[in-house]
file final-v8.cif (mmCIF, C-alpha atoms)
data_entry
loop_
_atom_site.label_atom_id
_atom_site.label_comp_id
_atom_site.auth_asym_id
_atom_site.auth_seq_id
_atom_site.Cartn_x
_atom_site.Cartn_y
_atom_site.Cartn_z
CA MET A 1 17.38 15.98 0.34
CA LEU A 2 16.69 13.79 3.37
CA ARG A 3 13.60 12.31 1.68
CA HIS A 4 15.61 11.36 -1.41
CA TRP A 5 18.23 9.66 0.79
CA ALA A 6 15.52 7.81 2.75
CA LEU A 7 13.82 6.61 -0.46
CA SER A 8 17.13 5.41 -1.89
CA ALA A 9 17.97 3.56 1.33
CA ALA A 10 14.53 1.90 1.43
CA LEU A 11 14.86 0.72 -2.17
CA VAL A 12 18.37 -0.68 -1.56
CA ILE A 13 17.23 -2.47 1.61
CA THR A 14 14.35 -3.99 -0.37
CA ALA A 15 16.49 -4.97 -3.36
CA ILE A 16 19.36 -6.69 -1.50
CA PRO A 17 17.34 -9.58 -0.02
CA ALA A 18 15.28 -9.89 -3.19
CA GLY A 19 18.38 -10.36 -5.33
CA ALA A 20 19.79 -13.03 -3.03
CA ALA A 21 16.56 -14.99 -2.64
CA PRO A 22 15.69 -18.15 -4.52
CA ARG A 23 13.68 -17.67 -7.70
CA LEU A 24 10.07 -18.81 -8.05
CA ASP A 25 11.05 -22.12 -9.61
CA GLU A 26 13.14 -22.89 -6.50
CA THR A 27 10.24 -22.33 -4.08
CA ALA A 28 7.69 -24.86 -2.91
CA ALA A 29 5.55 -26.07 -5.79
CA GLY A 30 1.87 -25.30 -5.47
CA SER A 31 2.18 -22.47 -2.95
CA PRO A 32 0.32 -19.24 -3.85
CA THR A 33 2.28 -16.58 -5.73
CA GLN A 34 -0.42 -13.91 -6.22
CA LEU A 35 -3.00 -12.14 -4.03
CA VAL A 36 -6.14 -10.19 -4.88
CA ALA A 37 -8.01 -8.55 -2.01
CA ILE A 38 -10.50 -5.86 -0.99
CA ASN A 39 -11.32 -4.18 2.30
CA PRO A 40 -14.92 -5.30 3.00
CA VAL A 41 -15.09 -3.33 6.27
CA PHE A 42 -14.95 0.12 4.63
CA ILE A 43 -17.40 -0.47 1.76
CA PRO A 44 -20.53 0.34 3.85
CA PHE A 45 -18.84 3.63 4.81
CA GLY A 46 -18.32 4.72 1.19
CA THR A 47 -14.78 3.54 0.50
CA LEU A 48 -13.47 0.88 -1.87
CA SER A 49 -9.94 -0.31 -1.16
CA ALA A 50 -8.34 -3.04 -3.25
CA GLU A 51 -4.91 -4.51 -3.88
CA TYR A 52 -2.95 -6.94 -6.01
CA GLU A 53 0.39 -8.47 -5.04
CA PHE A 54 2.68 -11.03 -6.69
CA ARG A 55 5.74 -12.89 -5.48
CA VAL A 56 9.04 -12.04 -7.16
CA THR A 57 11.16 -14.34 -4.98
CA ALA A 58 10.57 -16.26 -1.76
CA LEU A 59 11.68 -13.13 0.13
CA ALA A 60 10.04 -10.38 -1.93
CA SER A 61 6.86 -9.28 -3.68
CA LEU A 62 5.59 -6.30 -5.65
CA GLY A 63 2.09 -4.93 -5.55
CA VAL A 64 -0.34 -2.12 -6.14
CA SER A 65 -2.95 -0.77 -3.74
CA GLY A 66 -5.72 1.77 -4.21
CA TRP A 67 -8.25 3.68 -2.13
CA TYR A 68 -11.37 5.22 -3.70
CA GLU A 69 -13.90 7.11 -1.59
CA PHE A 70 -17.29 7.33 -3.30
CA ALA A 71 -19.23 8.87 -0.38
CA ASP A 72 -18.05 11.85 1.69
CA VAL A 73 -14.98 12.08 -0.56
CA ARG A 74 -11.84 13.31 1.25
CA ALA A 75 -9.03 11.36 -0.42
CA ARG A 76 -8.12 8.94 -3.16
CA TRP A 77 -4.77 7.27 -3.62
CA LEU A 78 -2.86 4.67 -5.57
CA TYR A 79 0.57 3.32 -4.70
CA LEU A 80 3.09 0.69 -5.68
CA LYS A 81 4.68 -1.37 -2.93
CA ALA A 82 7.89 -3.42 -2.80
CA LEU A 83 7.75 -5.80 0.15
CA VAL A 84 10.36 -7.94 1.88
CA TYR A 85 9.21 -11.11 3.67
CA PRO A 86 11.99 -11.69 6.25
CA TRP A 87 11.04 -15.35 6.81
CA GLY A 88 11.11 -16.12 3.08
CA ASN A 89 7.54 -17.22 2.53
CA ALA A 90 6.12 -14.51 0.24
CA PRO A 91 3.22 -13.68 0.05
CA SER A 92 2.38 -15.21 3.46
CA GLY A 93 3.33 -13.77 6.84
CA LEU A 94 5.02 -10.52 7.84
CA SER A 95 6.31 -8.09 5.23
CA LEU A 96 7.82 -4.61 5.27
CA GLY A 97 8.69 -2.21 2.51
CA PRO A 98 8.56 1.16 0.80
CA THR A 99 5.66 2.60 -1.20
CA LEU A 100 5.59 5.11 -4.04
CA GLY A 101 2.33 6.59 -5.24
CA LEU A 102 -0.11 9.43 -5.88
CA LEU A 103 -2.40 11.04 -3.33
CA ARG A 104 -5.35 13.29 -4.13
CA VAL A 105 -6.99 15.10 -1.22
CA TYR A 106 -10.20 17.16 -1.29
CA ARG A 107 -10.83 19.98 1.17
CA GLU A 108 -13.37 19.84 3.96
CA PRO A 109 -16.64 21.53 2.91
CA ASP A 110 -16.18 24.34 5.46
CA ALA A 111 -12.48 25.00 4.64
CA LEU A 112 -13.12 27.61 1.94
CA ASP A 113 -9.63 29.12 2.34
CA GLU A 114 -8.05 25.89 0.98
CA LEU A 115 -7.69 24.67 -2.59
CA PRO A 116 -10.67 22.51 -3.63
CA LEU A 117 -8.27 19.59 -4.24
CA ASP A 118 -4.59 18.87 -4.59
CA THR A 119 -2.58 15.91 -5.94
CA VAL A 120 1.01 14.97 -5.07
CA PRO A 121 3.39 12.06 -5.53
CA THR A 122 4.18 10.33 -2.24
CA VAL A 123 6.80 8.09 -0.67
CA GLY A 124 6.11 5.94 2.34
CA ALA A 125 6.46 2.65 4.15
CA MET A 126 4.16 -0.15 5.18
CA ALA A 127 4.08 -3.19 7.40
CA GLN A 128 1.57 -5.95 6.77
CA TYR A 129 0.76 -9.52 7.72
CA ASN A 130 -1.05 -12.00 5.45
CA PHE A 131 -2.80 -15.09 6.80
CA LEU A 132 -3.32 -17.73 4.09
CA PHE A 133 -5.62 -20.64 4.94
CA GLY A 134 -8.12 -23.10 3.51
CA PRO A 135 -7.60 -25.65 0.75
CA ASP A 136 -4.25 -24.96 -0.94
CA ASP A 137 -4.02 -21.69 1.06
CA LEU A 138 -6.66 -20.19 -1.24
CA CYS A 139 -8.16 -17.75 1.31
CA LEU A 140 -6.48 -14.55 2.50
CA LEU A 141 -7.00 -12.31 5.51
CA GLY A 142 -4.56 -9.41 5.81
CA VAL A 143 -3.82 -6.61 8.27
CA GLY A 144 -1.34 -3.78 8.16
CA ILE A 145 -0.50 -0.11 8.53
CA GLY A 146 1.12 2.36 6.20
CA GLY A 147 2.26 5.95 6.18
CA ARG A 148 3.37 8.34 3.46
CA THR A 149 4.53 11.89 2.93
CA PRO A 150 4.49 14.16 -0.14
CA LEU A 151 7.59 14.11 -2.35
CA LEU A 152 7.01 17.71 -3.43
CA GLN A 153 6.52 20.97 -1.59
CA VAL A 154 2.88 21.44 -0.55
CA SER A 155 1.43 24.96 -0.64
CA ALA A 156 0.02 26.51 2.54
CA ASP A 157 -3.53 26.49 1.10
CA SER A 158 -3.42 22.79 0.16
CA PRO A 159 -5.71 20.29 1.91
CA ILE A 160 -2.80 17.79 1.92
CA GLU A 161 -1.27 16.92 5.29
CA ARG A 162 2.46 16.41 5.81
CA LEU A 163 1.85 12.82 6.87
CA ASP A 164 -0.97 10.53 5.75
CA GLY A 165 -1.65 6.96 6.76
CA ASP A 166 -3.96 4.04 6.26
CA VAL A 167 -5.05 0.81 7.89
CA ARG A 168 -5.09 -2.41 5.88
CA LEU A 169 -7.91 -4.85 6.66
CA VAL A 170 -8.37 -7.09 3.63
CA ALA A 171 -9.99 -10.34 2.58
CA GLY A 172 -9.33 -12.05 -0.71
CA LEU A 173 -7.90 -14.92 -2.68
CA ALA A 174 -4.41 -16.32 -3.10
CA PHE A 175 -3.52 -18.30 -6.21
#
call {"tool": "encode", "arguments": {"input": "final-v8.cif", "output": "structure tokens"}}
result
Amino acid sequence: MLRHWALSAALVITAIPAGAAPRLDETAAGSPTQLVAINPVFIPFGTLSAEYEFRVTALASLGVSGWYEFADVRARWLYLKALVYPWGNAPSGLSLGPTLGLLRVYREPDALDELPLDTVPTVGAMAQYNFLFGPDDLCLLGVGIGGRTPLLQVSADSPIERLDGDVRLVAGLAF
């Protein structure tokens, strides 16, 4: 019950500023409205992380982010994010918002008493900061943190933890 209330509150908090913000045609002409990025740091360690984000208003954006481990596989996830940019310069600068997604976790090789894998829907939150630079703010460097928890009951033999998190270190393009 508490999780449903928290999710509802997060969505309302995100929607209120977005509804009051100026539309895209009222924002500065020529500023980037979309981002595409990957995490180049984790690729040598067997993980591909990528994201796409687009501005809805000057104060808000929507996006999708994914994590795919292809070596030493422990987890894979995909989530949608609704972000509020308090200083009204989406998609540049600080943003905060809720996430909603799917998490699949695989057991450790020596944890034979656990399920081989389990998948659950999740709800969470994230904070991120995007630095846009270069000609026409074409280049992106982004940092952030996120956390999520399962929306459903997790069985005792599941490899899923009550709380899962990630670090966002991305490089990409803004257009």
call {"tool": "residues_around", "arguments": {"input": "final-v8.cif", "residues": "Thr47 in chain A", "least_positions_apart": "6", "cutoff": "8 Å", "atoms": "only C-alpha atoms", "output": "PyMOL selection string"}}
result
chain A and resi 67-71
call {"tool": "atom_distance", "arguments": {"input": "final-v8.cif", "atom1": "CA of Pro121 in chain A", "atom2": "CA of Leu102 in chain A"}}
result
4.4 Å
call {"tool": "closest_residue", "arguments": {"input": "final-v8.cif", "among": "A:Gly124, A:Gly144, A:Gly46, A:Pro135", "to": "Ala75 in chain A", "atoms": "only C-alpha atoms"}}
result
A:Gly46
call {"tool": "closest_residue", "arguments": {"input": "final-v8.cif", "among": "A:Tyr79, A:Trp87, A:Phe133, A:Tyr106", "to": "Gly172 in chain A", "atoms": "only C-alpha atoms"}}
result
A:Phe133
call {"tool": "resolve_selection", "arguments": {"input": "final-v8.cif", "expression": "the PyMOL selection byres ((chain A and resi 146) around 6)", "output": "mmCIF file with C-alpha atoms, in the frame of the given file"}}
result
data_model
loop_
_atom_site.group_PDB
_atom_site.id
_atom_site.type_symbol
_atom_site.label_atom_id
_atom_site.label_comp_id
_atom_site.auth_asym_id
_atom_site.auth_seq_id
_atom_site.Cartn_x
_atom_site.Cartn_y
_atom_site.Cartn_z
ATOM 1 C CA ALA A 125 6.460 2.650 4.150
ATOM 2 C CA MET A 126 4.160 -0.150 5.180
ATOM 3 C CA ILE A 145 -0.500 -0.110 8.530
ATOM 4 C CA GLY A 147 2.260 5.950 6.180
ATOM 5 C CA GLY A 165 -1.650 6.960 6.760
ATOM 6 C CA ASP A 166 -3.960 4.040 6.260
#
call {"tool": "closest_residue", "arguments": {"input": "final-v8.cif", "among": "A:Val41, A:Asp110, A:Phe131, A:Asp164", "to": "Val143 in chain A", "atoms": "all atoms listed in the file"}}
result
A:Phe131
call {"tool": "closest_residue", "arguments": {"input": "final-v8.cif", "among": "A:Ala37, A:Pro32, A:Thr149, A:Glu114", "to": "Asp136 in chain A", "atoms": "only C-alpha atoms"}}
result
A:Pro32
call {"tool": "closest_residue", "arguments": {"input": "final-v8.cif", "among": "A:Gly101, A:Gly142, A:Gly88, A:Gly134", "to": "Val120 in chain A", "atoms": "only C-alpha atoms"}}
result
A:Gly101
call {"tool": "closest_residue", "arguments": {"input": "final-v8.cif", "among": "A:Leu59, A:Leu80, A:Val170, A:Ala90", "to": "Gln34 in chain A", "atoms": "all atoms listed in the file"}}
result
A:Ala90
call {"tool": "atom_distance", "arguments": {"input": "final-v8.cif", "atom1": "CA of Leu169 in chain A", "atom2": "CA of Ala58 in chain A"}}
result
23.3 Å
call {"tool": "atom_distance", "arguments": {"input": "final-v8.cif", "atom1": "CA of Leu132 in chain A", "atom2": "CA of Pro98 in chain A"}}
result
22.6 Å
call {"tool": "resolve_selection", "arguments": {"input": "final-v8.cif", "expression": "the PyMOL selection byres ((chain A and resi 96) around 8)", "output": "VMD selection string"}}
result
chain A and resid 83 to 85 94 to 95 97 to 98 125 to 128
call {"tool": "resolve_selection", "arguments": {"input": "final-v8.cif", "expression": "the PyMOL selection byres ((chain A and resi 117) around 8)", "output": "list in words"}}
result
Arg104, Val105, Tyr106, Arg107, Leu115, Pro116, Asp118, Thr119, Ser158 and Pro159 of chain A
call {"tool": "build_atoms", "arguments": {"input": "final-v8.cif", "residues": "range 139-160 of chain A", "atoms": "N, CA, C and O atoms", "output": "compact mmCIF listing (two decimals), in the coordinates of the input"}}
result
# COMPACT_ATOMS: atom_id res chain seq x y z
N CYS A 139 -7.52 -18.90 0.66
CA CYS A 139 -8.16 -17.75 1.31
C CYS A 139 -7.12 -16.86 1.97
O CYS A 139 -6.11 -17.32 2.50
N LEU A 140 -7.40 -15.55 1.96
CA LEU A 140 -6.48 -14.55 2.50
C LEU A 140 -7.22 -13.63 3.47
O LEU A 140 -8.32 -13.14 3.16
N LEU A 141 -6.63 -13.40 4.62
CA LEU A 141 -7.00 -12.31 5.51
C LEU A 141 -5.71 -11.54 5.78
O LEU A 141 -4.68 -12.14 6.09
N GLY A 142 -5.76 -10.21 5.63
CA GLY A 142 -4.56 -9.41 5.81
C GLY A 142 -4.81 -8.19 6.67
O GLY A 142 -5.89 -7.61 6.64
N VAL A 143 -3.78 -7.82 7.45
CA VAL A 143 -3.82 -6.61 8.27
C VAL A 143 -2.52 -5.85 8.03
O VAL A 143 -1.52 -6.42 7.61
N GLY A 144 -2.55 -4.56 8.31
CA GLY A 144 -1.34 -3.78 8.16
C GLY A 144 -1.56 -2.30 8.40
O GLY A 144 -2.70 -1.85 8.57
N ILE A 145 -0.46 -1.57 8.41
CA ILE A 145 -0.50 -0.11 8.53
C ILE A 145 0.50 0.47 7.55
O ILE A 145 1.50 -0.17 7.19
N GLY A 146 0.22 1.68 7.11
CA GLY A 146 1.12 2.36 6.20
C GLY A 146 1.10 3.85 6.45
O GLY A 146 0.14 4.39 6.99
N GLY A 147 2.17 4.50 6.07
CA GLY A 147 2.26 5.95 6.18
C GLY A 147 3.01 6.49 4.98
O GLY A 147 3.82 5.79 4.37
N ARG A 148 2.71 7.72 4.61
CA ARG A 148 3.37 8.34 3.46
C ARG A 148 3.43 9.85 3.65
O ARG A 148 2.67 10.42 4.42
N THR A 149 4.34 10.44 2.90
CA THR A 149 4.53 11.89 2.93
C THR A 149 4.71 12.39 1.50
O THR A 149 5.19 11.63 0.64
N PRO A 150 4.32 13.63 1.22
CA PRO A 150 4.49 14.16 -0.14
C PRO A 150 5.96 14.25 -0.54
O PRO A 150 6.82 14.56 0.29
N LEU A 151 6.23 13.97 -1.81
CA LEU A 151 7.59 14.11 -2.35
C LEU A 151 7.89 15.54 -2.76
O LEU A 151 9.05 15.90 -2.91
N LEU A 152 6.85 16.33 -2.99
CA LEU A 152 7.01 17.71 -3.43
C LEU A 152 6.55 18.68 -2.35
O LEU A 152 5.81 18.30 -1.44
N GLN A 153 6.96 19.92 -2.50
CA GLN A 153 6.52 20.97 -1.59
C GLN A 153 5.01 21.14 -1.71
O GLN A 153 4.47 21.17 -2.81
N VAL A 154 4.33 21.25 -0.58
CA VAL A 154 2.88 21.44 -0.55
C VAL A 154 2.60 22.88 -0.16
O VAL A 154 3.15 23.38 0.82
N SER A 155 1.73 23.56 -0.93
CA SER A 155 1.43 24.96 -0.64
C SER A 155 0.63 25.09 0.66
O SER A 155 -0.01 24.14 1.11
N ALA A 156 0.68 26.27 1.25
CA ALA A 156 0.02 26.51 2.54
C ALA A 156 -1.49 26.36 2.44
O ALA A 156 -2.15 26.04 3.43
N ASP A 157 -2.07 26.59 1.24
CA ASP A 157 -3.53 26.49 1.10
C ASP A 157 -3.98 25.12 0.58
O ASP A 157 -5.12 24.94 0.19
N SER A 158 -3.08 24.14 0.62
CA SER A 158 -3.42 22.79 0.16
C SER A 158 -4.12 22.01 1.27
O SER A 158 -3.77 22.13 2.45
N PRO A 159 -5.08 21.16 0.90
CA PRO A 159 -5.71 20.29 1.91
C PRO A 159 -4.85 19.08 2.29
O PRO A 159 -5.21 18.29 3.15
N ILE A 160 -3.67 18.93 1.66
CA ILE A 160 -2.80 17.79 1.92
C ILE A 160 -2.05 17.98 3.23
O ILE A 160 -1.50 19.05 3.50
